[in-house]
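This is input.cif (mmCIF, C-alpha atoms (C1' of nucleotides)).
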```
data_start
loop_
_atom_site.label_atom_id
_atom_site.label_comp_id
_atom_site.auth_asym_id
_atom_site.auth_seq_id
_atom_site.Cartn_x
_atom_site.Cartn_y
_atom_site.Cartn_z
CA MET A 1 93.72 85.46 144.33
CA ASP A 2 91.94 85.03 147.62
CA PRO A 3 88.14 85.12 147.67
CA VAL A 4 87.86 88.37 149.66
CA SER A 5 89.84 90.32 147.06
CA THR A 6 87.98 88.70 144.20
CA GLU A 7 84.68 89.84 145.64
CA GLU A 8 86.09 93.31 146.21
CA ILE A 9 87.21 93.53 142.58
CA GLN A 10 83.82 92.34 141.37
CA ARG A 11 81.91 94.72 143.63
CA ARG A 12 83.95 97.75 142.63
CA LEU A 13 84.04 97.10 138.90
CA LEU A 14 80.31 96.30 138.68
CA GLY A 15 79.62 99.46 140.69
CA TRP A 16 81.74 101.51 138.31
CA PHE A 17 80.02 99.85 135.33
CA ALA A 18 76.59 100.86 136.62
CA ARG A 19 77.66 104.50 136.28
CA HIS A 20 79.92 104.44 133.22
CA ARG A 21 78.46 101.77 130.95
CA ARG A 22 78.88 102.65 127.26
CA ASP A 23 75.53 102.97 125.51
CA LEU A 24 76.50 101.13 122.32
CA PRO A 25 73.72 100.62 119.77
CA PHE A 26 74.32 96.89 119.47
CA ARG A 27 73.94 96.36 123.21
CA ARG A 28 70.20 97.01 123.15
CA ASP A 29 69.01 93.87 121.38
CA ARG A 30 70.59 90.70 122.69
CA SER A 31 68.97 88.14 120.43
CA PRO A 32 71.41 85.34 119.65
CA TYR A 33 71.62 86.13 115.92
CA ARG A 34 72.29 89.82 116.55
CA VAL A 35 74.89 89.01 119.17
CA LEU A 36 76.61 86.61 116.78
CA LEU A 37 76.66 89.22 114.03
CA THR A 38 77.82 91.95 116.37
CA GLU A 39 80.65 89.90 117.79
CA VAL A 40 81.88 88.72 114.41
CA MET A 41 81.81 92.25 113.02
CA SER A 42 83.38 93.76 116.12
CA GLN A 43 86.33 91.42 115.98
CA GLN A 44 89.41 93.61 115.53
CA THR A 45 87.14 96.38 114.28
CA ALA A 46 86.15 99.78 115.68
CA ALA A 47 82.65 100.08 117.12
CA GLU A 48 81.86 103.10 114.93
CA ALA A 49 82.47 101.15 111.73
CA VAL A 50 80.39 98.23 113.02
CA GLY A 51 77.20 100.19 113.67
CA HIS A 52 76.53 101.17 110.10
CA HIS A 53 77.46 97.83 108.58
CA LEU A 54 75.46 95.91 111.17
CA GLU A 55 72.22 97.74 110.44
CA ARG A 56 72.68 97.36 106.70
CA PHE A 57 73.49 93.68 107.09
CA LEU A 58 70.42 93.04 109.26
CA VAL A 59 68.11 94.71 106.75
CA ARG A 60 69.42 92.45 103.99
CA PHE A 61 69.85 89.30 106.10
CA PRO A 62 67.39 89.61 109.01
CA ASP A 63 67.73 86.03 110.21
CA VAL A 64 69.79 82.86 109.90
CA PRO A 65 67.77 81.23 107.08
CA THR A 66 67.92 84.40 104.96
CA LEU A 67 71.67 84.60 105.40
CA ALA A 68 72.06 80.89 104.64
CA ALA A 69 70.10 81.28 101.40
CA ALA A 70 72.16 84.23 100.18
CA ALA A 71 74.96 84.08 97.63
CA GLU A 72 78.41 84.35 99.16
CA GLN A 73 79.22 87.24 96.82
CA ASP A 74 76.32 89.24 98.24
CA VAL A 75 77.48 88.57 101.79
CA LEU A 76 81.00 89.68 100.85
CA ALA A 77 79.65 92.79 99.15
CA LEU A 78 77.95 93.90 102.37
CA TRP A 79 81.16 93.16 104.24
CA GLN A 80 83.23 95.37 101.94
CA GLY A 81 85.27 97.87 103.93
CA LEU A 82 85.21 95.90 107.17
CA GLY A 83 88.27 93.77 106.38
CA TYR A 84 89.10 90.23 107.47
CA TYR A 85 86.79 88.85 104.82
CA SER A 86 87.12 85.27 106.02
CA ARG A 87 84.79 86.42 108.79
CA ALA A 88 82.02 86.97 106.23
CA ARG A 89 82.71 83.69 104.49
CA ASN A 90 82.75 81.80 107.79
CA LEU A 91 79.58 83.54 108.95
CA HIS A 92 77.84 82.48 105.76
CA ARG A 93 79.00 78.88 106.22
CA ALA A 94 77.92 79.04 109.87
CA ALA A 95 74.43 80.13 108.80
CA ARG A 96 74.15 77.13 106.50
CA MET A 97 75.31 74.84 109.29
CA MET A 98 72.74 76.34 111.66
CA VAL A 99 69.97 75.69 109.14
CA GLU A 100 71.08 72.12 108.61
CA ARG A 101 71.75 71.19 112.22
CA PHE A 102 69.99 73.65 114.53
CA GLY A 103 66.70 74.46 112.84
CA GLY A 104 67.93 77.83 111.60
CA HIS A 105 68.74 79.10 115.10
CA VAL A 106 71.94 80.01 116.88
CA PRO A 107 72.66 77.05 119.19
CA ALA A 108 72.85 77.63 122.95
CA ASP A 109 75.18 74.72 123.66
CA PRO A 110 78.81 75.88 124.02
CA ALA A 111 80.20 72.93 122.08
CA ASP A 112 77.72 73.53 119.25
CA LEU A 113 78.70 77.20 119.16
CA ARG A 114 82.41 76.39 118.99
CA ALA A 115 81.74 74.05 116.07
CA LEU A 116 80.50 76.96 113.95
CA PRO A 117 83.15 78.30 111.58
CA GLY A 118 84.43 81.65 112.77
CA VAL A 119 83.28 81.10 116.35
CA GLY A 120 86.25 80.77 118.68
CA PRO A 121 86.54 80.90 122.47
CA TYR A 122 85.75 84.62 122.68
CA ILE A 123 82.64 84.69 120.51
CA ALA A 124 81.29 81.48 122.05
CA ALA A 125 81.61 83.04 125.51
CA ALA A 126 80.14 86.34 124.32
CA ILE A 127 77.07 84.65 122.85
CA GLY A 128 76.78 82.37 125.87
CA SER A 129 76.81 85.25 128.33
CA PHE A 130 75.05 88.03 126.38
CA ALA A 131 72.38 86.01 124.60
CA PHE A 132 71.89 82.97 126.84
CA GLY A 133 72.88 84.23 130.28
CA ARG A 134 75.59 81.65 130.82
CA ASP A 135 78.55 82.07 133.14
CA ALA A 136 81.26 82.38 130.50
CA ALA A 137 84.24 84.75 130.51
CA ALA A 138 84.67 86.68 127.25
CA PHE A 139 88.44 86.93 127.20
CA ASP A 140 89.21 89.62 124.62
CA ALA A 141 92.06 92.07 124.24
CA ASN A 142 90.51 94.39 126.83
CA ALA A 143 90.28 91.64 129.42
CA ALA A 144 93.81 90.51 128.61
CA ARG A 145 95.13 94.03 129.21
CA VAL A 146 93.07 94.80 132.32
CA LEU A 147 93.98 91.52 134.02
CA ALA A 148 97.65 91.63 133.07
CA ARG A 149 97.89 95.03 134.74
CA LEU A 150 95.71 94.21 137.73
CA PHE A 151 97.88 91.21 138.62
CA ASP A 152 101.16 92.52 137.17
CA LEU A 153 101.54 89.68 134.69
CA ASP A 154 103.34 89.73 131.35
CA ARG A 155 100.24 88.04 129.95
CA ALA A 156 96.89 87.16 131.50
CA THR A 157 95.26 83.78 130.84
CA PRO A 158 91.69 82.72 130.07
CA GLY A 159 91.81 80.70 133.29
CA LEU A 160 92.41 83.84 135.33
CA ALA A 161 89.47 85.55 133.61
CA GLU A 162 87.32 82.51 134.39
CA SER A 163 88.26 82.60 138.07
CA LEU A 164 87.10 86.22 138.45
CA LEU A 165 83.66 85.74 136.91
CA PRO A 166 80.86 86.73 139.32
CA HIS A 167 78.32 83.91 139.31
CA GLY A 168 75.10 84.81 137.48
CA ARG A 169 76.41 88.17 136.26
CA ALA A 170 78.69 87.20 133.39
CA ALA A 171 77.04 89.51 130.85
CA ASP A 172 77.47 92.61 133.02
CA TRP A 173 80.93 91.51 134.09
CA ASN A 174 82.17 90.94 130.55
CA GLU A 175 80.90 94.34 129.44
CA ALA A 176 82.32 95.97 132.56
CA VAL A 177 85.81 94.61 131.88
CA MET A 178 85.58 95.66 128.22
CA ASP A 179 84.40 99.16 129.10
CA LEU A 180 87.11 99.61 131.71
CA GLY A 181 89.63 98.55 129.06
CA ALA A 182 88.13 100.84 126.47
CA LEU A 183 87.63 103.93 128.65
CA VAL A 184 90.13 103.80 131.51
CA CYS A 185 92.64 100.97 131.26
CA VAL A 186 93.57 101.99 127.71
CA PRO A 187 96.66 100.67 125.90
CA ARG A 188 99.10 103.58 125.84
CA ALA A 189 98.38 105.89 128.77
CA PRO A 190 96.03 104.29 131.30
CA ARG A 191 93.89 106.77 133.25
CA CYS A 192 94.57 105.22 136.62
CA ALA A 193 93.19 108.28 138.43
CA LEU A 194 89.73 107.30 137.15
CA CYS A 195 90.08 103.57 137.84
CA PRO A 196 87.96 101.97 140.54
CA LEU A 197 90.62 99.28 140.96
CA ALA A 198 93.67 101.56 141.07
CA ASP A 199 94.63 100.84 144.67
CA LEU A 200 94.33 97.09 144.04
CA CYS A 201 96.34 97.15 140.82
CA ALA A 202 99.66 95.32 141.15
CA GLY A 203 100.89 96.57 137.79
CA ARG A 204 100.31 100.15 138.85
CA GLN A 205 102.06 99.59 142.19
CA ALA A 206 104.99 98.12 140.27
CA GLY A 207 104.98 101.24 138.07
CA ARG A 208 104.68 99.29 134.85
CA ALA A 209 100.95 99.22 134.14
CA ALA A 210 101.35 101.21 130.94
CA SER A 211 103.75 98.66 129.47
CA LEU A 212 101.54 95.62 130.17
CA PRO A 213 100.75 93.27 128.68
CA CYS A 214 104.14 92.58 127.12
CA LYS A 215 103.80 92.62 123.37
CA PRO A 216 105.75 90.35 121.07
CA VAL A 217 108.30 92.05 118.83
CA ARG A 218 106.85 92.75 115.39
CA ARG A 219 108.73 92.04 112.23
CA PRO A 220 108.74 94.89 109.71
CA ARG A 221 106.14 94.43 106.99
CA PRO A 222 107.55 93.37 103.64
CA GLU A 223 106.80 95.74 100.80
CA VAL A 224 105.48 94.31 97.56
CA GLU A 225 105.22 96.17 94.29
CA VAL A 226 101.89 95.61 92.53
CA THR A 227 101.23 96.72 88.96
CA THR A 228 97.54 97.29 88.28
CA LEU A 229 95.54 98.04 85.14
CA VAL A 230 92.53 100.31 85.48
CA LEU A 231 91.02 98.70 82.43
CA ARG A 232 88.10 99.88 80.31
CA ASP A 233 86.28 98.53 77.31
CA GLY A 234 84.93 100.57 74.39
CA ALA A 235 81.79 101.35 76.37
CA GLY A 236 83.75 102.77 79.29
CA ARG A 237 83.00 99.91 81.65
CA LEU A 238 85.63 98.76 84.15
CA GLY A 239 87.29 95.32 83.76
CA LEU A 240 87.59 93.36 87.03
CA VAL A 241 88.90 89.92 87.96
CA GLN A 242 88.17 87.82 91.04
CA ARG A 243 90.87 86.93 93.52
CA PRO A 244 91.40 83.30 94.56
CA SER A 245 89.01 81.80 97.09
CA ALA A 246 91.73 81.63 99.74
CA GLY A 247 94.37 83.99 101.05
CA LEU A 248 94.48 87.77 101.01
CA LEU A 249 91.17 89.44 100.02
CA ALA A 250 89.81 86.00 99.16
CA GLY A 251 86.95 86.05 96.67
CA MET A 252 87.07 89.83 96.29
CA TRP A 253 87.19 91.57 92.91
CA GLU A 254 90.00 93.81 91.77
CA CYS A 255 91.62 95.44 88.78
CA PRO A 256 93.93 93.00 86.94
CA SER A 257 97.19 93.02 88.86
CA VAL A 258 100.56 91.31 89.11
CA GLU A 259 103.00 91.37 92.01
CA GLY A 260 106.71 91.93 91.69
CA GLY A 261 107.30 95.03 89.61
CA ALA A 262 105.79 93.79 86.35
CA SER A 263 105.30 96.13 83.41
CA PRO A 264 101.76 97.00 82.27
CA ALA A 265 102.32 94.81 79.20
CA GLU A 266 103.27 91.91 81.45
CA VAL A 267 100.07 92.39 83.49
CA ALA A 268 98.08 92.31 80.23
CA ARG A 269 99.87 89.14 79.11
CA ARG A 270 99.32 87.37 82.44
CA HIS A 271 95.60 88.15 82.28
CA SER A 272 95.31 87.41 78.54
CA LEU A 273 94.30 90.98 77.79
CA ASP A 274 94.61 92.78 74.46
CA LEU A 275 95.34 96.44 75.05
CA CYS A 276 94.54 99.11 72.47
CA GLY A 277 96.44 102.37 72.45
CA GLU A 278 98.67 103.84 75.09
CA VAL A 279 98.65 103.07 78.78
CA GLU A 280 98.58 106.11 81.03
CA PRO A 281 100.34 105.96 84.42
CA LEU A 282 98.25 107.09 87.39
CA PRO A 283 99.64 108.30 90.73
CA ALA A 284 101.22 105.53 92.78
CA LEU A 285 99.37 104.30 95.84
CA ARG A 286 100.67 102.89 99.10
CA TYR A 287 98.37 100.39 100.77
CA THR A 288 99.16 98.95 104.20
CA PHE A 289 97.76 95.58 105.26
CA THR A 290 98.34 93.99 108.66
CA HIS A 291 101.36 92.05 107.53
CA ARG A 292 102.51 93.55 104.23
CA ILE A 293 102.54 96.76 102.25
CA TRP A 294 101.56 97.09 98.61
CA ARG A 295 103.17 99.77 96.51
CA VAL A 296 100.52 99.96 93.82
CA ARG A 297 101.48 101.33 90.41
CA PRO A 298 98.20 101.83 88.53
CA TYR A 299 97.90 102.38 84.77
CA ARG A 300 94.80 103.42 82.90
CA ALA A 301 94.32 101.30 79.77
CA VAL A 302 91.73 100.36 77.16
CA GLY A 303 91.39 96.81 75.89
CA HIS A 304 89.44 93.58 75.92
CA GLY A 305 89.86 90.13 77.41
CA PRO A 306 88.54 87.58 79.92
CA VAL A 307 87.45 89.99 82.65
CA ARG A 308 84.10 90.95 84.09
CA TRP A 309 82.99 94.26 82.61
CA VAL A 310 80.99 96.29 85.08
CA ASP A 311 79.28 99.64 84.95
CA ALA A 312 78.95 101.92 87.96
CA ALA A 313 75.78 100.21 89.21
CA GLU A 314 77.17 96.69 88.96
CA MET A 315 80.35 97.76 90.65
CA ARG A 316 78.42 98.73 93.75
CA GLU A 317 77.05 95.17 94.01
CA LEU A 318 80.48 93.53 93.79
CA PRO A 319 82.87 93.08 96.71
CA LEU A 320 85.96 95.08 95.76
CA GLY A 321 89.30 94.43 97.45
CA GLY A 322 91.08 97.26 99.28
CA PRO A 323 93.36 99.03 96.80
CA SER A 324 91.09 98.41 93.83
CA ALA A 325 88.14 99.74 95.77
CA ARG A 326 90.14 102.90 96.33
CA LEU A 327 91.13 103.12 92.66
CA ALA A 328 87.60 102.43 91.52
CA VAL A 329 86.26 105.23 93.70
CA ALA A 330 88.87 107.57 92.29
CA GLU A 331 87.82 106.52 88.79
CA GLY A 332 84.14 106.44 89.64
CA ALA A 333 83.19 109.52 87.70
CA ARG A 334 84.69 107.98 84.58
CA ILE A 335 82.82 104.69 84.71
CA ALA A 336 79.92 104.22 82.36
CA VAL A 337 76.52 104.80 83.88
CA PRO A 338 73.75 102.40 82.77
CA LYS A 339 70.90 103.91 80.75
"C1'" DA B 1 103.70 78.68 119.11
"C1'" DA B 2 103.73 81.56 114.85
"C1'" DT B 3 101.64 83.51 111.24
"C1'" DA B 4 97.90 85.10 107.99
"C1'" DC B 5 94.25 87.94 107.74
"C1'" DG B 6 91.87 94.54 106.60
"C1'" DG B 7 90.80 98.63 107.85
"C1'" DG B 8 90.19 102.74 110.46
"C1'" DG B 9 90.82 105.49 114.60
"C1'" DA B 10 93.93 107.33 118.19
"C1'" DT B 11 98.31 109.21 119.31
"C1'" DA C 1 104.33 106.78 110.92
"C1'" DT C 2 103.03 103.54 114.51
"C1'" DC C 3 100.06 101.14 117.56
"C1'" DC C 4 95.92 99.01 118.53
"C1'" DC C 5 91.68 96.67 118.23
"C1'" DA C 6 84.66 92.93 121.09
"C1'" DG C 7 89.89 87.02 117.39
"C1'" DT C 8 89.99 82.84 114.52
"C1'" DA C 9 91.97 79.47 111.46
"C1'" DT C 10 95.83 77.43 109.72
"C1'" DT C 11 100.37 75.68 109.79
#
```
Can you turn what I pasted into structure tokens?
Amino acid sequence: MDPVSTEEIQRRLLGWFARHRRDLPFRRDRSPYRVLLTEVMSQQTAAEAVGHHLERFLVRFPDVPTLAAAAEQDVLALWQGLGYYSRARNLHRAARMMVERFGGHVPADPADLRALPGVGPYIAAAIGSFAFGRDAAAFDANAARVLARLFDLDRATPGLAESLLPHGRAADWNEAVMDLGALVCVPRAPRCALCPLADLCAGRQAGRAASLPCKPVRRPRPEVEVTTLVLRDGAGRLGLVQRPSAGLLAGMWECPSVEGGASPAEVARRHSLDLCGEVEPLPALRYTFTHRIWRVRPYRAVGHGPVRWVDAAEMRELPLGGPSARLAVAEGARIAVPK
DNA sequence: AATACGGGGAT
DNA sequence: ATCCCAGTATT
């Protein structure tokens, strides 16, 4: 890329950005802690879902020391519904590291940022540029798509993004590239007629902008059958168990379940539950994760055993994993209300 | 270099 | 039903 064209790209895109900038709520306050939270929450997550959770999270955990002092379960509970729960666990660990090593503040040094759990190249660059005014290229999926098309590449590289950065304007530039990717240079059907770079775009000239960047072939998701007990005690409370601290829905609570087409009696045996009376089948439920599908076969049952019995109020404080959260909501009206 | 890791919105 | 996303950690 010769310097004249680079400057032309920068001039046009920043000019476009001045007129079409998205007014996102989390762009107004650029304090390092808020930027960190915003970027972690935004990762692979729609902006609309982030707004609500971000405000709620900030009320409960307004600064790094407050977050560091919290119980992990409470952090997970506020993360419920956002997905990718390792983000919440890493954020909590990062807060503790920031208290121990950086006086309870988000560090400005790029190497210190990268050392925080959950902070990778993108988030380090985002914090660097948005909160600390550094010249760092935030190479996200938008940038990868915009640059692959602009230069007609199967895949763009972080180095290319770095080379286009206008000195001293990284924050605006990063947002400009993201907004172009979100509003104009969209994945399926790019709106090239609205693009300020259309006549410079090699991918468009080659007639293959819409198919860039080249995506790897996806394997079909395996389907797993999961038998689940919607379990109650004599008082009508719901019996929940906690998932392991690693892997899918790590640390989240759920109805006692077993994978692999087990019978309800087998689920009870595996969780050391004593069931009283009949089990009642509930409508089956299909739950799609990123990389697998659960065919959930829920049964309503009454019994006792080594589970955590929760009433409706307690349930709201616990982080519930995907399918069980859905089941619990469906059962909500039936769960005992505290007096 | 692949794969694991959620959930919701757009098409 | 499928694709995609303000990615990161692990293997």
Write out as a PDB file with C-alpha atoms (C1' of nucleotides), keeping the file's coordinate frame which residues come within 12 Å of DG6 (chain B) when counting only C-alpha atoms (C1' of nucleotides), dropping same-chain ones fewer than 3 positions away.
```pdb
ATOM      1  CA  GLN A  43      86.330  91.420 115.980  1.00  0.00           C
ATOM      2  CA  GLN A  44      89.410  93.610 115.530  1.00  0.00           C
ATOM      3  CA  THR A  45      87.140  96.380 114.280  1.00  0.00           C
ATOM      4  CA  ALA A  46      86.150  99.780 115.680  1.00  0.00           C
ATOM      5  CA  TRP A  79      81.160  93.160 104.240  1.00  0.00           C
ATOM      6  CA  GLN A  80      83.230  95.370 101.940  1.00  0.00           C
ATOM      7  CA  GLY A  81      85.270  97.870 103.930  1.00  0.00           C
ATOM      8  CA  LEU A  82      85.210  95.900 107.170  1.00  0.00           C
ATOM      9  CA  GLY A  83      88.270  93.770 106.380  1.00  0.00           C
ATOM     10  CA  TYR A  84      89.100  90.230 107.470  1.00  0.00           C
ATOM     11  CA  TYR A  85      86.790  88.850 104.820  1.00  0.00           C
ATOM     12  CA  SER A  86      87.120  85.270 106.020  1.00  0.00           C
ATOM     13  CA  ARG A  87      84.790  86.420 108.790  1.00  0.00           C
ATOM     14  CA  LEU A 248      94.480  87.770 101.010  1.00  0.00           C
ATOM     15  CA  LEU A 249      91.170  89.440 100.020  1.00  0.00           C
ATOM     16  CA  ALA A 250      89.810  86.000  99.160  1.00  0.00           C
ATOM     17  CA  TYR A 287      98.370 100.390 100.770  1.00  0.00           C
ATOM     18  CA  THR A 288      99.160  98.950 104.200  1.00  0.00           C
ATOM     19  CA  PHE A 289      97.760  95.580 105.260  1.00  0.00           C
ATOM     20  CA  THR A 290      98.340  93.990 108.660  1.00  0.00           C
ATOM     21  CA  HIS A 291     101.360  92.050 107.530  1.00  0.00           C
ATOM     22  CA  ARG A 292     102.510  93.550 104.230  1.00  0.00           C
ATOM     23  CA  ILE A 293     102.540  96.760 102.250  1.00  0.00           C
ATOM     24  CA  GLY A 321      89.300  94.430  97.450  1.00  0.00           C
ATOM     25  CA  GLY A 322      91.080  97.260  99.280  1.00  0.00           C
ATOM     26  CA  PRO A 323      93.360  99.030  96.800  1.00  0.00           C
TER      27      PRO A 323
ATOM     28  C1'  DC C   5      91.680  96.670 118.230  1.00  0.00           C
TER      29       DC C   5
END
```
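Excluding DT3 (chain B) itself and any same-chain residue fewer than 2 positions from it, the protein and nucleic acid residues within 10 Å of it, counting all atoms listed in the file, are His291 of chain A; DA1 and DC5 of chain B; DT10 and DT11 of chain C.
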Keeping only C-alpha atoms (C1' of nucleotides), write the selected residues to a file as a PDB file, in the coordinates of the input.
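Final file, again11.pdb:
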```pdb
ATOM      1  CA  HIS A 291     101.360  92.050 107.530  1.00  0.00           C
TER       2      HIS A 291
ATOM      3  C1'  DA B   1     103.700  78.680 119.110  1.00  0.00           C
ATOM      4  C1'  DC B   5      94.250  87.940 107.740  1.00  0.00           C
TER       5       DC B   5
ATOM      6  C1'  DT C  10      95.830  77.430 109.720  1.00  0.00           C
ATOM      7  C1'  DT C  11     100.370  75.680 109.790  1.00  0.00           C
TER       8       DT C  11
END
```
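Once the PyMOL selection byres ((chain C) within 10 of (chain A)) is applied to this file, the selection holds C:DC3, C:DC4, C:DC5, C:DA6, C:DG7, C:DT8, C:DA9.
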*Which residues of chain B are close to chain A, meaning at most 9 Å apart when you count only C-alpha atoms (C1' of nucleotides), and how do they look as JSON, numbers by chain?*
{"B": [4, 5, 6, 7, 8, 9, 11]}
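For the atom pair formed by CA of Ala176 (chain A) and CA of His53 (chain A), the distance is 24.5 Å, given to one decimal.
From CA of Arg56 (chain A) back to CA of Phe132 (chain A), the distance works out to 24.8 Å.
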_Separation of CA of Leu180 (chain A) from CA of Val146 (chain A) in Å_ = 7.7 Å
*Mind checking which residues fall within 10 Å of region 300-313 of chain A, counting only C-alpha atoms (C1' of nucleotides), ignoring those fewer than 5 positions away in the same chain, and posting them as a PyMOL selection string?*
chain A and resi 228-242+253+255-256+264+268+271-282+318+328-329+331-338
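Minimum atom-to-atom distances from A:Pro62, A:Gly104, A:Gly133, A:Pro216 to DA2 (chain B) were compared using all atoms listed in the file, and the lowest value belongs to A:Pro216.
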*asked:* Starting from the PyMOL selection byres ((chain A and resi 32) around 10), expand the selection into actual residues of this file and give them as a VMD selection string.
replied: chain A and resid 29 to 31 33 to 38 105 to 108 126 to 128 130 to 132
Just C-alpha atoms for this one: save the residues we selected as an mmCIF file, keeping the file's coordinate frame.
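Result saved to result34.cif:
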```
data_model
loop_
_atom_site.group_PDB
_atom_site.id
_atom_site.type_symbol
_atom_site.label_atom_id
_atom_site.label_comp_id
_atom_site.auth_asym_id
_atom_site.auth_seq_id
_atom_site.Cartn_x
_atom_site.Cartn_y
_atom_site.Cartn_z
ATOM 1 C CA ASP A 29 69.010 93.870 121.380
ATOM 2 C CA ARG A 30 70.590 90.700 122.690
ATOM 3 C CA SER A 31 68.970 88.140 120.430
ATOM 4 C CA TYR A 33 71.620 86.130 115.920
ATOM 5 C CA ARG A 34 72.290 89.820 116.550
ATOM 6 C CA VAL A 35 74.890 89.010 119.170
ATOM 7 C CA LEU A 36 76.610 86.610 116.780
ATOM 8 C CA LEU A 37 76.660 89.220 114.030
ATOM 9 C CA THR A 38 77.820 91.950 116.370
ATOM 10 C CA HIS A 105 68.740 79.100 115.100
ATOM 11 C CA VAL A 106 71.940 80.010 116.880
ATOM 12 C CA PRO A 107 72.660 77.050 119.190
ATOM 13 C CA ALA A 108 72.850 77.630 122.950
ATOM 14 C CA ALA A 126 80.140 86.340 124.320
ATOM 15 C CA ILE A 127 77.070 84.650 122.850
ATOM 16 C CA GLY A 128 76.780 82.370 125.870
ATOM 17 C CA PHE A 130 75.050 88.030 126.380
ATOM 18 C CA ALA A 131 72.380 86.010 124.600
ATOM 19 C CA PHE A 132 71.890 82.970 126.840
#
```
If the PyMOL selection byres ((chain A and resi 137) around 9) were run on this exact file, what residues would it hold? Put them as a PDB file with C-alpha atoms, keeping the file's coordinate frame.
```
ATOM      1  CA  TYR A 122      85.750  84.620 122.680  1.00  0.00           C
ATOM      2  CA  ALA A 125      81.610  83.040 125.510  1.00  0.00           C
ATOM      3  CA  ALA A 126      80.140  86.340 124.320  1.00  0.00           C
ATOM      4  CA  SER A 129      76.810  85.250 128.330  1.00  0.00           C
ATOM      5  CA  ASP A 135      78.550  82.070 133.140  1.00  0.00           C
ATOM      6  CA  ALA A 136      81.260  82.380 130.500  1.00  0.00           C
ATOM      7  CA  ALA A 138      84.670  86.680 127.250  1.00  0.00           C
ATOM      8  CA  PHE A 139      88.440  86.930 127.200  1.00  0.00           C
ATOM      9  CA  PRO A 158      91.690  82.720 130.070  1.00  0.00           C
ATOM     10  CA  ALA A 161      89.470  85.550 133.610  1.00  0.00           C
ATOM     11  CA  GLU A 162      87.320  82.510 134.390  1.00  0.00           C
ATOM     12  CA  SER A 163      88.260  82.600 138.070  1.00  0.00           C
ATOM     13  CA  LEU A 164      87.100  86.220 138.450  1.00  0.00           C
ATOM     14  CA  LEU A 165      83.660  85.740 136.910  1.00  0.00           C
ATOM     15  CA  ALA A 170      78.690  87.200 133.390  1.00  0.00           C
ATOM     16  CA  ALA A 171      77.040  89.510 130.850  1.00  0.00           C
ATOM     17  CA  TRP A 173      80.930  91.510 134.090  1.00  0.00           C
ATOM     18  CA  ASN A 174      82.170  90.940 130.550  1.00  0.00           C
TER      19      ASN A 174
END
```
*Quick one: residues within 10 Å of Asp154 (chain A), only C-alpha atoms (C1' of nucleotides) counted, chain neighbours fewer than 6 positions away excluded, as a ChimeraX atom specification?*
/A:144-145,147-148,203,211-215
Using 4 Å of padding on each side, determine the axis-aligned box around all atoms of chain B present in the file and give its centre and edge lengths in Å to one decimal, as lines of an AutoDock Vina configuration file.
```
center_x = 97.0
center_y = 93.9
center_z = 113.0
size_x = 21.5
size_y = 38.5
size_z = 20.7
```
